[in-house]
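Listing of model_11.cif; format and content: mmCIF, C-alpha atoms and all ligand atoms.
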```
data_my_file
loop_
_atom_site.label_atom_id
_atom_site.label_comp_id
_atom_site.auth_asym_id
_atom_site.auth_seq_id
_atom_site.Cartn_x
_atom_site.Cartn_y
_atom_site.Cartn_z
CA MET A 1 -25.27 -93.80 24.70
CA ARG A 2 -22.75 -91.26 23.38
CA LYS A 3 -21.74 -88.34 25.59
CA THR A 4 -22.67 -84.84 24.48
CA ASN A 5 -19.60 -82.82 23.56
CA ILE A 6 -18.60 -79.33 22.52
CA LEU A 7 -19.08 -80.16 18.82
CA ASP A 8 -22.67 -81.25 19.44
CA LEU A 9 -23.40 -77.85 21.00
CA ALA A 10 -21.87 -76.02 18.01
CA ARG A 11 -23.92 -78.22 15.66
CA MET A 12 -27.10 -77.49 17.62
CA LYS A 13 -26.58 -73.76 17.05
CA ALA A 14 -25.96 -74.33 13.34
CA GLU A 15 -29.16 -76.41 13.07
CA GLY A 16 -31.25 -74.06 15.19
CA ALA A 17 -31.88 -76.73 17.85
CA LYS A 18 -32.31 -75.15 21.30
CA ILE A 19 -29.76 -76.12 23.96
CA VAL A 20 -31.22 -77.11 27.35
CA MET A 21 -29.01 -76.39 30.36
CA ILE A 22 -29.85 -76.75 34.07
CA THR A 23 -27.81 -76.53 37.24
CA ALA A 24 -27.14 -79.54 39.49
CA TYR A 25 -24.87 -79.86 42.48
CA ASP A 26 -24.97 -83.54 43.39
CA ALA A 27 -25.07 -87.02 41.89
CA LEU A 28 -28.79 -87.65 42.51
CA PHE A 29 -30.10 -84.65 40.59
CA ALA A 30 -27.40 -84.89 37.92
CA ARG A 31 -28.63 -88.45 37.25
CA ILE A 32 -32.30 -87.39 37.11
CA PHE A 33 -31.57 -84.50 34.72
CA ASP A 34 -29.32 -86.73 32.61
CA ASP A 35 -32.11 -89.33 32.39
CA VAL A 36 -34.55 -86.61 31.27
CA GLY A 37 -32.13 -85.75 28.45
CA VAL A 38 -30.90 -82.23 29.20
CA ASP A 39 -27.94 -81.25 27.01
CA VAL A 40 -25.76 -79.47 29.57
CA ILE A 41 -25.51 -79.70 33.36
CA LEU A 42 -23.92 -76.71 35.07
CA VAL A 43 -22.42 -77.02 38.53
CA GLY A 44 -23.06 -73.33 39.15
CA ASP A 45 -21.56 -71.24 41.89
CA SER A 46 -25.22 -70.52 42.68
CA LEU A 47 -24.32 -73.49 44.91
CA GLY A 48 -23.44 -70.79 47.43
CA GLN A 49 -27.03 -69.56 47.70
CA VAL A 50 -29.23 -72.57 46.97
CA VAL A 51 -27.20 -75.28 48.74
CA LEU A 52 -24.69 -73.72 51.13
CA GLY A 53 -26.90 -70.92 52.51
CA HIS A 54 -24.64 -67.95 51.63
CA PRO A 55 -26.24 -64.61 50.67
CA ASP A 56 -24.32 -64.49 47.35
CA THR A 57 -21.75 -66.44 45.32
CA LEU A 58 -18.68 -64.67 46.71
CA ASN A 59 -17.88 -67.17 49.47
CA VAL A 60 -17.90 -70.26 47.26
CA THR A 61 -14.45 -71.87 47.26
CA MET A 62 -12.55 -74.11 44.87
CA GLU A 63 -12.93 -76.91 47.42
CA ASP A 64 -16.73 -76.47 47.32
CA MET A 65 -16.74 -76.52 43.51
CA VAL A 66 -14.40 -79.52 43.23
CA ARG A 67 -16.49 -81.60 45.66
CA HIS A 68 -19.84 -80.77 44.01
CA THR A 69 -18.46 -81.11 40.48
CA ALA A 70 -17.15 -84.58 41.33
CA ALA A 71 -20.53 -85.53 42.78
CA ALA A 72 -22.45 -84.30 39.70
CA ALA A 73 -19.94 -86.05 37.42
CA ARG A 74 -20.62 -89.35 39.19
CA GLY A 75 -24.36 -88.92 38.58
CA ARG A 76 -24.45 -87.96 34.92
CA LYS A 77 -23.69 -90.26 32.02
CA ARG A 78 -24.42 -88.34 28.82
CA ALA A 79 -24.95 -84.61 29.45
CA PHE A 80 -22.06 -82.18 28.91
CA LEU A 81 -20.80 -81.06 32.34
CA VAL A 82 -19.69 -77.47 32.96
CA ALA A 83 -18.32 -76.23 36.30
CA ASP A 84 -18.27 -72.61 37.42
CA MET A 85 -14.97 -71.07 38.42
CA PRO A 86 -15.64 -69.44 41.80
CA PHE A 87 -14.72 -65.90 42.82
CA LEU A 88 -10.93 -65.38 43.13
CA SER A 89 -10.09 -68.66 41.39
CA TYR A 90 -9.31 -66.87 38.10
CA GLN A 91 -9.28 -63.11 38.73
CA THR A 92 -5.81 -63.40 40.30
CA GLY A 93 -4.00 -64.26 37.06
CA PRO A 94 -3.78 -66.69 34.16
CA SER A 95 -1.68 -69.32 35.92
CA ASP A 96 -4.13 -69.51 38.85
CA ALA A 97 -6.96 -69.69 36.30
CA ILE A 98 -5.37 -72.58 34.36
CA ARG A 99 -4.53 -74.50 37.54
CA ASN A 100 -8.00 -74.10 39.03
CA ALA A 101 -9.77 -74.82 35.74
CA GLY A 102 -7.64 -77.97 35.47
CA ARG A 103 -8.74 -79.07 38.94
CA LEU A 104 -12.38 -78.80 37.85
CA LEU A 105 -11.66 -80.93 34.77
CA GLN A 106 -9.89 -83.48 36.97
CA ALA A 107 -13.03 -83.55 39.14
CA GLY A 108 -15.06 -84.57 36.07
CA ALA A 109 -16.15 -81.36 34.30
CA GLU A 110 -15.67 -81.08 30.54
CA ALA A 111 -15.58 -77.28 30.54
CA VAL A 112 -15.43 -74.35 32.95
CA LYS A 113 -17.49 -71.18 33.02
CA LEU A 114 -16.10 -67.83 34.10
CA GLU A 115 -17.63 -64.37 34.31
CA GLY A 116 -16.52 -61.26 32.46
CA GLY A 117 -16.21 -59.68 29.02
CA ARG A 118 -13.27 -57.65 27.74
CA ASN A 119 -11.80 -57.62 31.29
CA ALA A 120 -11.68 -61.46 31.28
CA ALA A 121 -10.40 -61.90 27.71
CA GLY A 122 -6.79 -62.63 28.72
CA THR A 123 -7.96 -65.24 31.23
CA ILE A 124 -10.28 -66.91 28.73
CA ARG A 125 -7.44 -66.98 26.18
CA ALA A 126 -5.02 -68.52 28.70
CA VAL A 127 -7.43 -71.23 29.89
CA ALA A 128 -8.61 -72.07 26.36
CA SER A 129 -4.96 -72.24 25.21
CA ALA A 130 -4.43 -74.92 27.84
CA ASP A 131 -7.09 -76.96 25.96
CA ILE A 132 -9.68 -76.38 28.65
CA PRO A 133 -13.01 -75.42 27.05
CA VAL A 134 -14.33 -72.12 28.43
CA MET A 135 -17.93 -70.95 28.57
CA GLY A 136 -18.11 -67.16 28.98
CA HIS A 137 -20.73 -65.34 31.05
CA ILE A 138 -21.61 -61.69 30.39
CA GLY A 139 -24.34 -59.22 31.31
CA LEU A 140 -25.53 -59.58 34.88
CA THR A 141 -22.51 -61.33 36.39
CA PRO A 142 -23.31 -62.28 40.01
CA GLN A 143 -19.66 -62.21 41.16
CA SER A 144 -19.68 -58.46 40.30
CA VAL A 145 -22.76 -57.76 42.44
CA HIS A 146 -21.06 -54.92 44.33
CA ARG A 147 -19.66 -53.26 41.20
CA MET A 148 -23.14 -53.39 39.61
CA GLY A 149 -24.80 -51.97 42.75
CA GLY A 150 -27.02 -55.06 43.08
CA TYR A 151 -28.46 -57.69 40.76
CA ARG A 152 -29.53 -55.34 37.97
CA VAL A 153 -30.47 -55.93 34.35
CA GLN A 154 -27.52 -54.81 32.21
CA GLY A 155 -27.44 -53.27 28.73
CA LYS A 156 -30.44 -50.98 29.10
CA THR A 157 -28.63 -47.78 28.06
CA ASP A 158 -26.83 -47.23 24.74
CA PRO A 159 -23.30 -47.22 26.25
CA GLN A 160 -24.06 -50.42 28.22
CA ARG A 161 -25.51 -52.00 25.09
CA GLU A 162 -22.35 -51.16 23.12
CA ARG A 163 -20.23 -52.54 25.94
CA LEU A 164 -22.11 -55.85 25.97
CA LEU A 165 -21.89 -56.23 22.18
CA ASP A 166 -18.14 -55.66 22.52
CA ASP A 167 -17.88 -58.08 25.49
CA ALA A 168 -19.65 -60.80 23.50
CA ALA A 169 -17.37 -60.38 20.47
CA VAL A 170 -14.23 -60.32 22.62
CA VAL A 171 -15.24 -63.42 24.61
CA GLN A 172 -15.75 -65.33 21.35
CA GLU A 173 -12.48 -64.04 19.90
CA ALA A 174 -10.62 -65.06 23.07
CA GLY A 175 -11.64 -68.68 22.48
CA ALA A 176 -14.83 -69.34 24.43
CA PHE A 177 -16.94 -72.14 22.91
CA ALA A 178 -20.23 -70.71 24.25
CA VAL A 179 -21.41 -67.80 26.36
CA VAL A 180 -24.11 -67.29 28.99
CA LEU A 181 -26.09 -64.06 28.52
CA GLU A 182 -27.64 -63.15 31.86
CA GLY A 183 -30.04 -60.34 32.76
CA MET A 184 -30.21 -58.22 29.62
CA PRO A 185 -32.94 -57.01 27.25
CA ALA A 186 -34.24 -59.75 24.95
CA VAL A 187 -33.61 -57.60 21.86
CA LEU A 188 -29.93 -57.18 22.77
CA ALA A 189 -29.48 -60.90 23.57
CA GLY A 190 -31.07 -61.73 20.20
CA GLU A 191 -28.68 -59.36 18.43
CA ILE A 192 -25.67 -60.89 20.20
CA THR A 193 -26.91 -64.39 19.33
CA ARG A 194 -27.20 -63.52 15.64
CA THR A 195 -23.77 -61.87 15.62
CA LEU A 196 -21.82 -64.65 17.32
CA SER A 197 -20.89 -67.99 15.77
CA ILE A 198 -20.70 -69.67 19.21
CA PRO A 199 -23.90 -70.71 21.06
CA THR A 200 -25.48 -68.29 23.53
CA ILE A 201 -27.30 -69.59 26.59
CA GLY A 202 -29.78 -67.17 28.11
CA ILE A 203 -31.03 -66.59 31.62
CA GLY A 204 -33.26 -63.57 31.93
CA ALA A 205 -32.28 -62.70 28.34
CA GLY A 206 -35.36 -63.63 26.33
CA VAL A 207 -36.20 -66.32 23.83
CA GLY A 208 -33.74 -65.29 21.10
CA CYS A 209 -30.76 -67.13 22.62
CA ASP A 210 -29.52 -70.49 21.31
CA GLY A 211 -30.39 -72.15 24.62
CA GLN A 212 -31.65 -71.48 28.12
CA VAL A 213 -30.39 -72.20 31.63
CA LEU A 214 -32.19 -72.07 34.97
CA VAL A 215 -31.15 -72.88 38.51
CA MET A 216 -32.77 -76.22 39.41
CA HIS A 217 -34.17 -75.00 42.75
CA ASP A 218 -35.88 -72.09 40.97
CA LEU A 219 -37.53 -74.08 38.20
CA LEU A 220 -38.61 -76.83 40.61
CA GLY A 221 -40.20 -74.29 42.96
CA LEU A 222 -37.96 -75.19 45.90
CA PHE A 223 -36.28 -71.83 46.49
CA ASP A 224 -38.49 -69.15 48.00
CA GLU A 225 -36.07 -66.51 49.29
CA PHE A 226 -36.50 -64.35 46.20
CA ARG A 227 -38.25 -64.85 42.86
CA PRO A 228 -36.62 -63.07 39.94
CA LYS A 229 -39.02 -62.09 37.12
CA PHE A 230 -37.17 -64.31 34.63
CA VAL A 231 -37.75 -67.52 36.60
CA LYS A 232 -40.61 -69.76 35.54
CA ARG A 233 -41.45 -72.34 38.18
CA PHE A 234 -42.13 -75.52 36.18
CA GLY A 235 -42.98 -77.35 39.41
CA GLU A 236 -44.05 -76.52 42.97
CA LEU A 237 -42.02 -79.07 44.90
CA ARG A 238 -41.62 -77.14 48.14
CA LYS A 239 -45.21 -77.87 49.23
CA PRO A 240 -45.07 -81.68 48.66
CA VAL A 241 -41.74 -81.79 50.52
CA GLU A 242 -43.24 -79.86 53.45
CA ASP A 243 -46.33 -82.11 53.41
CA ALA A 244 -44.28 -85.33 53.37
CA VAL A 245 -41.92 -84.25 56.16
CA GLY A 246 -44.87 -82.88 58.15
CA ALA A 247 -46.67 -86.26 57.82
CA TYR A 248 -43.50 -88.09 58.91
CA ALA A 249 -43.10 -85.83 61.97
CA ALA A 250 -46.76 -86.32 62.93
CA ALA A 251 -46.47 -90.13 62.53
CA VAL A 252 -43.34 -90.26 64.72
CA ARG A 253 -45.01 -88.11 67.34
CA ASP A 254 -48.27 -90.08 67.48
CA GLY A 255 -46.48 -93.45 67.40
CA SER A 256 -48.03 -94.64 64.09
CA PHE A 257 -44.56 -94.91 62.50
CA PRO A 258 -42.83 -97.30 62.39
CA GLY A 259 -45.66 -99.83 61.97
CA LYS A 260 -45.34 -103.61 62.14
CA GLU A 261 -44.55 -103.70 58.40
CA HIS A 262 -41.51 -101.48 58.97
CA SER A 263 -40.23 -103.44 61.95
CA PHE A 264 -38.12 -106.61 62.28
O1 LIG B 1 -24.20 -70.15 39.06
C1 LIG B 1 -25.12 -70.37 38.27
O2 LIG B 1 -26.04 -71.15 38.52
C2 LIG B 1 -25.07 -69.68 36.98
C3 LIG B 1 -26.28 -69.72 36.12
C4 LIG B 1 -27.38 -68.98 36.75
C5 LIG B 1 -25.99 -69.25 34.75
O3 LIG B 1 -24.08 -69.10 36.66
#
```
Conversion result in C-alpha cells:
Amino acid sequence: MRKTNILDLARMKAEGAKIVMITAYDALFARIFDDVGVDVILVGDSLGQVVLGHPDTLNVTMEDMVRHTAAAARGRKRAFLVADMPFLSYQTGPSDAIRNAGRLLQAGAEAVKLEGGRNAAGTIRAVASADIPVMGHIGLTPQSVHRMGGYRVQGKTDPQRERLLDDAAVVQEAGAFAVVLEGMPAVLAGEITRTLSIPTIGIGAGVGCDGQVLVMHDLLGLFDEFRPKFVKRFGELRKPVEDAVGAYAAAVRDGSFPGKEHSF
C-alpha cells in the first residue's frame, strides 16, 4: 500500500476529491484511523486539552509533540502525518522554527503545521526553504487565544475578512502546501478555497473547503468539557466506556471477576 504524500493532496484538490483529516496522538488510534482510510492524521497541539488535561494549547512542549508524533508515526502505515508546532517552538525566530520542525520530521511526521498569516510568512518561508512541508493555519488560531479575547469566530467584519483573505494568499505565497481554515464564516472559507491553488482544510469553516478536520475526541463523543457548534459527534463513546468500566468495578467489588475461566 503506497503512502499518501503531498502530491496526492494537491491532486485531490484538483480533482475535487474531499480530503479527510483527523487528529490522533498515539499509535493505537493512528492505526485505527489509518485502517479506516483517512488521508491525513494530525498530531495536533489539541493534545494539551484532550490528552494532557491543560486548559489550552499554550503549555504543550516540543518534548510532548515529539513523543506523541513518534507514537502516531509507529501506528500509521499509509496516511500522511502532520505534526503541530507548539507555542514558542517557532515564534522565536526562523532558526528555532527550522530546528524544531526538523525534530518533528525526525520523529516521523511528513509535514508540520504552524499558526499565523502574514505575521508567520517569514517563518513559513524559512521552514519550507529547508524542504520541510508546512501546513498553514489561519482564522481562529488557538495559540492566539489571549490576543483574540477568547475562542471567537474570525472574519465576521469587513476588515477581518480582508485580513483573512490576505493571510491566506500570503501563507500560500510563502510556500505552504495546504492551510487549515478554522472558525470563520462558511462564505469566506469558500472564497479563500476558490482563490487558493493549495488545499484548504476546514474546521468550523463550512462545507466549501477542500477537506475537513476534527479532533478525534470530539467526533467520537469522548470529550464533554465543552461542545463547539462546529463539532458533529459521529459516535457517543463516552457512555459505553463508562458502562464497561462501571461493570468491571462492580465485578471486582462483588467478587465475580476474575472467574475460573480467567484464572490459572
Ligand atoms: O490542534 C489541533 O487539533 C488542530 C486542529 C483542530 C486543526 O490544530
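Residues in contact with segment 127-142 of chain A at 7 Å, where all atoms listed in the file are counted and same-chain residues fewer than 4 positions away are skipped, are listed as Thr57, Ala97, Ile98, Ala111, Val112, Lys113, Leu114, Glu115, Gly116, Gly117, Thr123, Tyr151, Arg152, Val153, Gln154, Leu164, Val171, Gly175, Ala176, Phe177, Ala178, Val179, Val180, Leu181, Glu182, Gly183 and Met184 of chain A.
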Of the candidates A:Ala244, A:Leu47, A:Ala30, A:Leu220, which one gets nearest to ligand LIG 1 (chain B) if we count all atoms listed in the file?
A:Leu47
As a ChimeraX atom specification, please: every protein or nucleic acid residue near ligand LIG 1 (chain B) (cut-off 7 Å, counting all atoms listed in the file).
/A:23,42-47,84,180,182,203,213-215
Neighbours of Thr195 of chain A within 9 Å (all atoms listed in the file; same-chain residues fewer than 4 positions away dropped), as a PyMOL selection string?
chain A and resi 165+168-169+190-191
Would you place a box with edges along x, y and z of the file around all atoms of segment 205-223 of chain A listed there, add 6 Å to each of its six sides, and report the centre and edge lengths in Å to one decimal, as AutoDock Vina command-line options?
```
--center_x -34.9 --center_y -69.8 --center_z 33.8 --size_x 22.7 --size_y 26.1 --size_z 37.4
```
Ranking A:Met216, A:Ala71, A:Ala79, A:Ala186 by minimum distance to Leu9 of chain A and counting all atoms listed in the file, which one comes first?
A:Ala79
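Going from atom CA of Thr4 of chain A over to atom CA of Gly75 of chain A, you cover 14.8 Å.
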8 Å contact set for Met62 of chain A, all atoms listed in the file, chain neighbours under 3 positions out, as an MDAnalysis selection string:
chainID A and resid 65:66 85:86 89 100
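The shortest atom-to-atom distance to Glu225 of chain A, with all atoms listed in the file taken into account, belongs to A:Gln49 out of A:Thr193, A:Pro199, A:Gln49, A:Gly204.
With atom CA of Phe234 of chain A on one side and atom CA of Asp218 of chain A on the other, the separation reads 8.6 Å.
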Tell me, as a VMD selection string, which residues lie within 10 Å of Lys18 of chain A, counting only C-alpha atoms; anything in the same chain fewer than 3 positions away does not count.
chain A and resid 9 12 to 13 15 21 39 199 to 201 207 to 212
How would the residues just chosen look if you wrote them out with C-alpha atoms as a PDB file, in the frame of the given file?
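That gives us selection.pdb:
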```pdb
ATOM      1  CA  LEU A   9     -23.400 -77.850  21.000  1.00  0.00           C
ATOM      2  CA  MET A  12     -27.100 -77.490  17.620  1.00  0.00           C
ATOM      3  CA  LYS A  13     -26.580 -73.760  17.050  1.00  0.00           C
ATOM      4  CA  GLU A  15     -29.160 -76.410  13.070  1.00  0.00           C
ATOM      5  CA  MET A  21     -29.010 -76.390  30.360  1.00  0.00           C
ATOM      6  CA  ASP A  39     -27.940 -81.250  27.010  1.00  0.00           C
ATOM      7  CA  PRO A 199     -23.900 -70.710  21.060  1.00  0.00           C
ATOM      8  CA  THR A 200     -25.480 -68.290  23.530  1.00  0.00           C
ATOM      9  CA  ILE A 201     -27.300 -69.590  26.590  1.00  0.00           C
ATOM     10  CA  VAL A 207     -36.200 -66.320  23.830  1.00  0.00           C
ATOM     11  CA  GLY A 208     -33.740 -65.290  21.100  1.00  0.00           C
ATOM     12  CA  CYS A 209     -30.760 -67.130  22.620  1.00  0.00           C
ATOM     13  CA  ASP A 210     -29.520 -70.490  21.310  1.00  0.00           C
ATOM     14  CA  GLY A 211     -30.390 -72.150  24.620  1.00  0.00           C
ATOM     15  CA  GLN A 212     -31.650 -71.480  28.120  1.00  0.00           C
TER      16      GLN A 212
END
```
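Remark: for Ala73 of chain A, the closest of the candidate residues A:Phe29, A:Tyr248, A:Phe87, A:Phe226 is A:Phe29 (distances computed over all atoms listed in the file).
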